[in-house]
Amino acid sequence: MAELSVDPYVDLYARRTSGMSASEVRALFSVAARPDVVSFAGGMPYVQALPSDHLQEVVAAVLRERADVALQYGGGQGARTLRERLAMLMAEEATPADPEDIVVTTGAQQALDLLGKVLIDPGDEIAVEAPAYVGALSAFSAYEPRFVQIELDEQGMIVEQLEEALLRGSRPKFVYTVPNFHNPAGVTMSRERREQLVALCREARIPIVEDNPYGLLRFEGQGEPTLRSLDPENVVYLGTVSKVFAPGVRVGWAVAEPGLLQRLVLAKEAGDLCGSNLTMLITERYLEGDRWRRVLEDLVGTYRRRRDAMLAALEQHFPSDASWTRPAGGFYVWATVPSYVDTQALLAAAVERRVAYVPGTAFYPDGRGRDRMRLAYCYPAEERTQEGIRRLGELLADEEELFRSMSR
Amino acid sequence: MSEVAVLAGGWAPEREVSLRSGHRIVSALRSRGFDAFLLDPAERPLVETLSTARVSACYVALHGKDGEDGTVQRVLDLLDVPYTGSPPFSCQVTFDKVLAKEALEAAGVATPAWATVQAAALRDLAGGPILEHVARHVGLPAVVKPSRAGSAMGLSFVEREADLPNAVMGALSYSEAAVVERRVVGREVAAGMIGSPDEPLPLVEIVPKSGVFDYASRYTAGATEYFAPARLPPEVVRACQEEAARAFRTLGLRDVSRADLMIDREGRPWVVDVNVSPGMTDTSLLPMAARAAGIEFPELCERVLRLALDRAVRH
């Protein structure tokens with residue numbers, strides 16, 4: 001009698017891969033790609049808005065003038081000239097950074113992985129927001145931490161909860177947060193909370209990892225100071241050009257103190273030797289001069305209109321007992337639906353009605369969030385958003401009817 | 001030489017699984033000398049492509065709605081293109097668990113006690129009180145599944161009556177009706193056939209590490225252990241194969257199909273599901289059963305395809 005091995009390596013896999021598995025939700029997303037589906041699922045930047053003639057000129061110039069560098073290996077830290085540009089980008093949010101303290105990574109996502117590799121031993125605690133960016137949870141999970149979950153509200157992370165966790169004896173290796181236009185929650189950490197968090201972590205000697213992909217996508221009001229600007233010594237800062245330029249170039253970065261930075265660079269070199277010089281030079285060139293600012297201004301205007309369209313549509317079509325956040329920037333609205341709705345189960349019906357979202361469970365390490373959904377407004381045009389939210393509202397109304405009929 | 005179109009993809013929730021099946025079938029058929037190509041109806045118009053290409057037959061590797069419920073089969077009948085698998089009406093009945101269970105029970109095939117909950121009934125007629133009757137009629141623990149969906153999507157297990165409403169609502173997200181079925185506790189096996197119901201393949205025994213053979217257990221390599229042939233006494237094997245064959249015959253299936261059975265503690269087999277377009281991915285059950293019978297994947301695909309080609313000749 002033969003035990004069939006579907007996968008000859010099955011006994012060889014490391015324990016840390018045990019959480020990686022096929023999922024129904026992922027299968028449904030591939031159906032959500034059909035053109036008649038209004039997808040609020042992916043946080044995809046609207047790259048169509050980038051000026052094509054300008055891009056062609058940027059790429060051509062890189063190949064014309066610097067092909068020998070662009071097509072060659074480079075250093076693990078990334079070219080100094082690009083790091084200077086990235087420091088300049090941080091200055092837009094009044095965040096000081098020395099180009100020497102920057103390592104360029106393959107999107108900020110790689111920086112998350114490197115931080116996990118350099119800082120997390122199996123069983124270590126790390127503190128994350130609840131909900132938290134799903135990509136960070138996946139990146140960290142591979143290093144087998146225990147997640148300490150800190151709730152957030154309209155003001156961002158509830159720092160008192162972190163304080164209580166510390167008092168109970170929790171010793172997280174670091175605190176991970178997205179303070180601006182949170183993914184998925186859409187909220188921004190208030191000035192008071194920022195100061196509280198920075199003070200608490202400094203006192204407890206726990207570094208903060210500040211992930212700030214959306215900071216420059218502000219629609220209204222004044223920005224709050226970055227955590228890094230409040231405490232440069234205790235905050236590791238992660239940035240990306242995915243939202244201000246394009247995710248396809250895969251250029252992100254981390255800013256850290258020299259000791260940690262050195263380890264991050266070594267870990268990066270061990271992983272992939274170096275990033276793509278070609279896309280790094282394209283990015284550097286794109287960020288020269290002032291054109292990128294004008295493009296970004298237009299883009300932010302587009303995102304603002306799309307956000308407005310989504311909020312208006314939610315007001316019009318969602319049930320009165322649903323609630324949602326009102327982001328002042330970024331990509332996401334975080335909606336809470338009545339507790340009898342299971343957004344994971346409902347996704348199939350949603351796709352059937354040609355609308356998609358990400359179920360809330362993706363953003364919690366412990367399976368919570370069944371009554372939440374993340375709605376990304378960045379990609380669909382306003383009329384599509386209006387139509388998509390109408391479909392979703394109709395679906396929720398039908399769920400309500402079904403639920404009421406069951407409780408009758 | 002004429003071509004073979006492997007139909008895979010589509011817009012059903014099983015799209016990804018279907019594409020995995022389809023790409024493997026294309027390579028397998030090519031390795032056996034066929035001019036095979038993948039035709040994804042979501043990417044290219046089906047009727048136009050089949051009308052212009054010189055296609056001698058279609059290998060149907062679509063899963064889920066449209067592919068398994070008779071829809072694509074009726075289109076192919078209209079175009080007069082021979083295809084692998086069962087005729088439209090058989091597909092339609094088999095894919096719909098409500099109809100299939102009715103048909104199986106009427107024919108005396110052992111299938112666990114069940115009740116159907118239609119969304120319309122909840123909304124317009126009965127309301128919640130019907131669920132108490134469902135629980136009493138079926139007994140707990142129960143398995144709740146959408147009437148029309150594959151790959152264990154929307155499926156959940158219910159131990160306590162209080163959890164029934166949520167499970168039913170989850171299943172109704174996939175389909176207009178939910179089937180609540182008594183859960184048979186015991187061993188799980190798959191019985192495959194190639195050709196006719198009288199040609200059974202060895203049984204494959206399924207031992208999911210998580211305890212339940214859900215979507216993740218099915219499609220994550222290593223999440224489930226399989227034994228082929230199954231570790232069962234010969235008389236139990238025979239009983240399973242006979243029960244499966246009765247199911248295939250009752251539903252009028254041909255060429256290729258797979259029945260999923262539970263064997264209770266007394267060794268009695270119960271048919272819990274029948275598939276007209278069994279998965280052909282690297283973790284799928286039918287290819288394992290075939291391999292246990294000495295039929296490697298390329299030969300399996302060729303044999304199934306030839307059944308369709310032969311029909312065309314006779315036609």
# chains A, B, ... in the order shown; residues from 1 in each chain; ligands from 1

call {"tool": "interface_residues", "arguments": {"of": "chain B", "to": "chain A", "cutoff": "7 Å", "atoms": "only C-alpha atoms", "output": "list of chain:residue names"}}
result
B:Trp11, B:Ala12, B:Pro13, B:Glu14, B:Arg15, B:Glu16, B:Leu122, B:Arg123, B:Gly127, B:Gly128, B:Met153, B:Gly154, B:Gly170, B:Ser173, B:Tyr174, B:Tyr215, B:Ala216, B:Tyr219, B:Thr220, B:Ala221, B:Gly222, B:Tyr226, B:Phe227, B:Ala228, B:Pro229, B:Arg231, B:Asp282, B:Thr283

call {"tool": "write_last_selection", "arguments": {"atoms": "C-alpha atoms", "output": "PDB file, in the first residue's frame"}}
result
ATOM      1  CA  TRP B  11     -15.346  32.868 -14.568  1.00  0.00           C
ATOM      2  CA  ALA B  12     -16.497  30.415 -11.930  1.00  0.00           C
ATOM      3  CA  PRO B  13     -14.933  30.641  -8.459  1.00  0.00           C
ATOM      4  CA  GLU B  14     -12.912  27.538  -9.387  1.00  0.00           C
ATOM      5  CA  ARG B  15     -11.166  29.482 -12.150  1.00  0.00           C
ATOM      6  CA  GLU B  16      -7.666  29.006 -10.730  1.00  0.00           C
ATOM      7  CA  LEU B 122     -36.392  31.383   4.016  1.00  0.00           C
ATOM      8  CA  ARG B 123     -37.322  34.737   2.573  1.00  0.00           C
ATOM      9  CA  GLY B 127     -38.319  31.815   7.849  1.00  0.00           C
ATOM     10  CA  GLY B 128     -36.066  30.718  10.664  1.00  0.00           C
ATOM     11  CA  MET B 153     -16.193  26.152  -1.476  1.00  0.00           C
ATOM     12  CA  GLY B 154     -18.748  27.536   0.937  1.00  0.00           C
ATOM     13  CA  GLY B 170     -22.412  31.158   4.145  1.00  0.00           C
ATOM     14  CA  SER B 173     -23.531  33.123  -0.670  1.00  0.00           C
ATOM     15  CA  TYR B 174     -22.442  30.614  -3.313  1.00  0.00           C
ATOM     16  CA  TYR B 215     -10.351  24.146   0.110  1.00  0.00           C
ATOM     17  CA  ALA B 216      -6.965  24.670   1.787  1.00  0.00           C
ATOM     18  CA  TYR B 219      -5.075  22.629  -2.901  1.00  0.00           C
ATOM     19  CA  THR B 220      -2.099  23.039  -0.578  1.00  0.00           C
ATOM     20  CA  ALA B 221       0.457  20.382  -1.385  1.00  0.00           C
ATOM     21  CA  GLY B 222       1.240  18.422   1.752  1.00  0.00           C
ATOM     22  CA  TYR B 226      -3.418  10.234   0.349  1.00  0.00           C
ATOM     23  CA  PHE B 227      -3.281   6.462   0.167  1.00  0.00           C
ATOM     24  CA  ALA B 228      -3.854   4.709  -3.138  1.00  0.00           C
ATOM     25  CA  PRO B 229      -5.017   2.079  -3.120  1.00  0.00           C
ATOM     26  CA  ARG B 231      -6.069   0.899   3.211  1.00  0.00           C
ATOM     27  CA  ASP B 282      -1.109  18.136  -9.233  1.00  0.00           C
ATOM     28  CA  THR B 283      -3.010  17.506  -5.987  1.00  0.00           C
TER      29      THR B 283
END

call {"tool": "residues_around", "arguments": {"residues": "stretch 359-367 of chain A", "least_positions_apart": "2", "cutoff": "8 Å", "atoms": "only C-alpha atoms", "output": "list in words"}}
result
Ala130, Pro131, Ala132, Tyr133, Val134, Leu137, Phe147, Pro184, Thr343, Gln344, Leu347, Tyr357, Gly369, Arg370, Asp371, Arg372, Met373 and Arg374 of chain A

call {"tool": "write_last_selection", "arguments": {"atoms": "N, CA and C atoms", "output": "PDB file, in the first residue's frame"}}
result
ATOM      1  N   ALA A 130      -4.394  46.284  15.266  1.00  0.00           N
ATOM      2  CA  ALA A 130      -5.480  45.373  14.911  1.00  0.00           C
ATOM      3  C   ALA A 130      -6.644  46.229  14.434  1.00  0.00           C
ATOM      4  N   PRO A 131      -6.913  46.240  13.143  1.00  0.00           N
ATOM      5  CA  PRO A 131      -6.302  45.461  12.065  1.00  0.00           C
ATOM      6  C   PRO A 131      -4.926  45.992  11.662  1.00  0.00           C
ATOM      7  N   ALA A 132      -4.184  45.152  10.912  1.00  0.00           N
ATOM      8  CA  ALA A 132      -2.857  45.538  10.440  1.00  0.00           C
ATOM      9  C   ALA A 132      -2.716  45.217   8.954  1.00  0.00           C
ATOM     10  N   TYR A 133      -1.766  45.887   8.314  1.00  0.00           N
ATOM     11  CA  TYR A 133      -1.473  45.645   6.908  1.00  0.00           C
ATOM     12  C   TYR A 133      -1.163  44.158   6.698  1.00  0.00           C
ATOM     13  N   VAL A 134      -1.931  43.521   5.824  1.00  0.00           N
ATOM     14  CA  VAL A 134      -1.829  42.072   5.644  1.00  0.00           C
ATOM     15  C   VAL A 134      -0.447  41.654   5.138  1.00  0.00           C
ATOM     16  N   LEU A 137       1.867  41.364   8.055  1.00  0.00           N
ATOM     17  CA  LEU A 137       1.603  40.147   8.823  1.00  0.00           C
ATOM     18  C   LEU A 137       2.225  38.941   8.121  1.00  0.00           C
ATOM     19  N   PHE A 147       2.063  37.679  17.809  1.00  0.00           N
ATOM     20  CA  PHE A 147       1.591  39.040  17.581  1.00  0.00           C
ATOM     21  C   PHE A 147       0.864  39.571  18.807  1.00  0.00           C
ATOM     22  N   PRO A 184      -5.515  48.546   6.691  1.00  0.00           N
ATOM     23  CA  PRO A 184      -6.724  48.825   5.925  1.00  0.00           C
ATOM     24  C   PRO A 184      -7.644  49.905   6.505  1.00  0.00           C
ATOM     25  N   THR A 343     -18.147  38.546   6.018  1.00  0.00           N
ATOM     26  CA  THR A 343     -17.675  39.122   4.748  1.00  0.00           C
ATOM     27  C   THR A 343     -16.839  38.129   3.941  1.00  0.00           C
ATOM     28  N   GLN A 344     -16.255  37.146   4.627  1.00  0.00           N
ATOM     29  CA  GLN A 344     -15.484  36.151   3.887  1.00  0.00           C
ATOM     30  C   GLN A 344     -16.419  35.257   3.074  1.00  0.00           C
ATOM     31  N   LEU A 347     -18.110  37.057   0.029  1.00  0.00           N
ATOM     32  CA  LEU A 347     -17.323  37.463  -1.139  1.00  0.00           C
ATOM     33  C   LEU A 347     -17.752  36.732  -2.414  1.00  0.00           C
ATOM     34  N   TYR A 357     -14.164  43.050  -2.764  1.00  0.00           N
ATOM     35  CA  TYR A 357     -13.524  43.781  -1.668  1.00  0.00           C
ATOM     36  C   TYR A 357     -12.600  42.791  -0.981  1.00  0.00           C
ATOM     37  N   GLY A 369     -12.523  39.914  12.493  1.00  0.00           N
ATOM     38  CA  GLY A 369     -12.777  40.803  11.366  1.00  0.00           C
ATOM     39  C   GLY A 369     -13.806  40.294  10.380  1.00  0.00           C
ATOM     40  N   ARG A 370     -14.620  39.307  10.800  1.00  0.00           N
ATOM     41  CA  ARG A 370     -15.610  38.764   9.875  1.00  0.00           C
ATOM     42  C   ARG A 370     -16.673  39.786   9.488  1.00  0.00           C
ATOM     43  N   ASP A 371     -16.841  40.802  10.316  1.00  0.00           N
ATOM     44  CA  ASP A 371     -17.852  41.807   9.992  1.00  0.00           C
ATOM     45  C   ASP A 371     -17.206  43.079   9.429  1.00  0.00           C
ATOM     46  N   ARG A 372     -15.991  42.941   8.902  1.00  0.00           N
ATOM     47  CA  ARG A 372     -15.313  44.111   8.330  1.00  0.00           C
ATOM     48  C   ARG A 372     -14.972  43.856   6.871  1.00  0.00           C
ATOM     49  N   MET A 373     -14.839  44.940   6.128  1.00  0.00           N
ATOM     50  CA  MET A 373     -14.319  44.808   4.768  1.00  0.00           C
ATOM     51  C   MET A 373     -13.475  46.026   4.419  1.00  0.00           C
ATOM     52  N   ARG A 374     -12.430  45.787   3.629  1.00  0.00           N
ATOM     53  CA  ARG A 374     -11.602  46.897   3.152  1.00  0.00           C
ATOM     54  C   ARG A 374     -12.030  47.240   1.742  1.00  0.00           C
TER      55      ARG A 374
END

call {"tool": "atom_distance", "arguments": {"atom1": "atom CA of B:Val138", "atom2": "atom CA of B:Ser175"}}
result
20.1 Å

call {"tool": "residues_around", "arguments": {"residues": "A:Glu387", "least_positions_apart": "2", "cutoff": "12 Å", "atoms": "only C-alpha atoms", "output": "PDB file with C-alpha atoms, in the first residue's frame"}}
result
ATOM      1  CA  ASP A  36     -17.185  43.695 -15.470  1.00  0.00           C
ATOM      2  CA  VAL A  37     -16.309  43.310 -11.788  1.00  0.00           C
ATOM      3  CA  VAL A  38     -15.899  46.593  -9.928  1.00  0.00           C
ATOM      4  CA  SER A  39     -12.968  45.683  -7.741  1.00  0.00           C
ATOM      5  CA  PHE A  40     -12.376  47.504  -4.490  1.00  0.00           C
ATOM      6  CA  ALA A 309     -17.487  59.212  -4.747  1.00  0.00           C
ATOM      7  CA  MET A 310     -17.093  56.213  -2.486  1.00  0.00           C
ATOM      8  CA  ALA A 312     -21.201  59.472  -1.109  1.00  0.00           C
ATOM      9  CA  ALA A 313     -22.134  56.063  -2.493  1.00  0.00           C
ATOM     10  CA  LEU A 314     -21.743  54.408   0.906  1.00  0.00           C
ATOM     11  CA  GLN A 316     -26.596  56.340  -0.251  1.00  0.00           C
ATOM     12  CA  HIS A 317     -26.451  52.542  -0.556  1.00  0.00           C
ATOM     13  CA  ARG A 353     -22.799  40.333  -8.542  1.00  0.00           C
ATOM     14  CA  ARG A 354     -19.643  41.755 -10.071  1.00  0.00           C
ATOM     15  CA  VAL A 355     -18.153  43.604  -7.136  1.00  0.00           C
ATOM     16  CA  ALA A 356     -15.185  42.695  -4.928  1.00  0.00           C
ATOM     17  CA  PRO A 380     -12.105  52.451 -10.166  1.00  0.00           C
ATOM     18  CA  ALA A 381     -13.376  55.668 -11.746  1.00  0.00           C
ATOM     19  CA  GLU A 382     -16.160  57.529  -9.903  1.00  0.00           C
ATOM     20  CA  GLU A 383     -19.124  56.136 -11.852  1.00  0.00           C
ATOM     21  CA  ARG A 384     -17.795  52.605 -11.439  1.00  0.00           C
ATOM     22  CA  THR A 385     -17.397  53.165  -7.719  1.00  0.00           C
ATOM     23  CA  ILE A 389     -21.132  50.295  -3.957  1.00  0.00           C
ATOM     24  CA  ARG A 390     -24.726  50.134  -5.179  1.00  0.00           C
ATOM     25  CA  ARG A 391     -24.264  46.418  -5.941  1.00  0.00           C
ATOM     26  CA  LEU A 392     -22.658  45.821  -2.570  1.00  0.00           C
ATOM     27  CA  GLY A 393     -25.414  47.726  -0.781  1.00  0.00           C
ATOM     28  CA  GLU A 394     -28.036  45.647  -2.538  1.00  0.00           C
TER      29      GLU A 394
END

call {"tool": "select_by_dssp", "arguments": {"residues": "stretch 58-303 of chain B", "states": "strand (DSSP E)", "output": "ChimeraX atom specification"}}
result
/B:58-60,114-118,142-146,156-158,177-182,187-195,204-208,224-227,255-263,269-275

call {"tool": "residues_around", "arguments": {"residues": "B:Gly267", "least_positions_apart": "3", "cutoff": "10 Å", "atoms": "only C-alpha atoms", "output": "list in words"}}
result
Gly186, Arg187, Leu232, Pro233, Glu235, Val236, Val237, Ala239, Cys240, Met262, Ile263, Asp264 and Trp270 of chain B

call {"tool": "write_last_selection", "arguments": {"atoms": "C-alpha atoms", "output": "compact mmCIF listing (two decimals), in the first residue's frame"}}
result
# COMPACT_ATOMS: atom_id res chain seq x y z
CA GLY B 186 -15.33 7.70 9.25
CA ARG B 187 -12.93 7.33 6.40
CA LEU B 232 -9.36 -0.98 3.36
CA PRO B 233 -10.49 -4.62 3.33
CA GLU B 235 -15.06 -6.22 0.56
CA VAL B 236 -15.27 -2.59 1.68
CA VAL B 237 -13.40 -1.51 -1.43
CA ALA B 239 -18.81 -2.03 -1.78
CA CYS B 240 -17.50 1.49 -2.37
CA MET B 262 -17.62 8.43 3.42
CA ILE B 263 -17.29 5.00 5.00
CA ASP B 264 -19.01 4.80 8.37
CA TRP B 270 -22.19 6.72 1.61

call {"tool": "closest_residue", "arguments": {"among": "B:Asp273, B:Glu225, B:Glu68, B:Glu299", "to": "B:Ala191", "atoms": "only C-alpha atoms"}}
result
B:Asp273
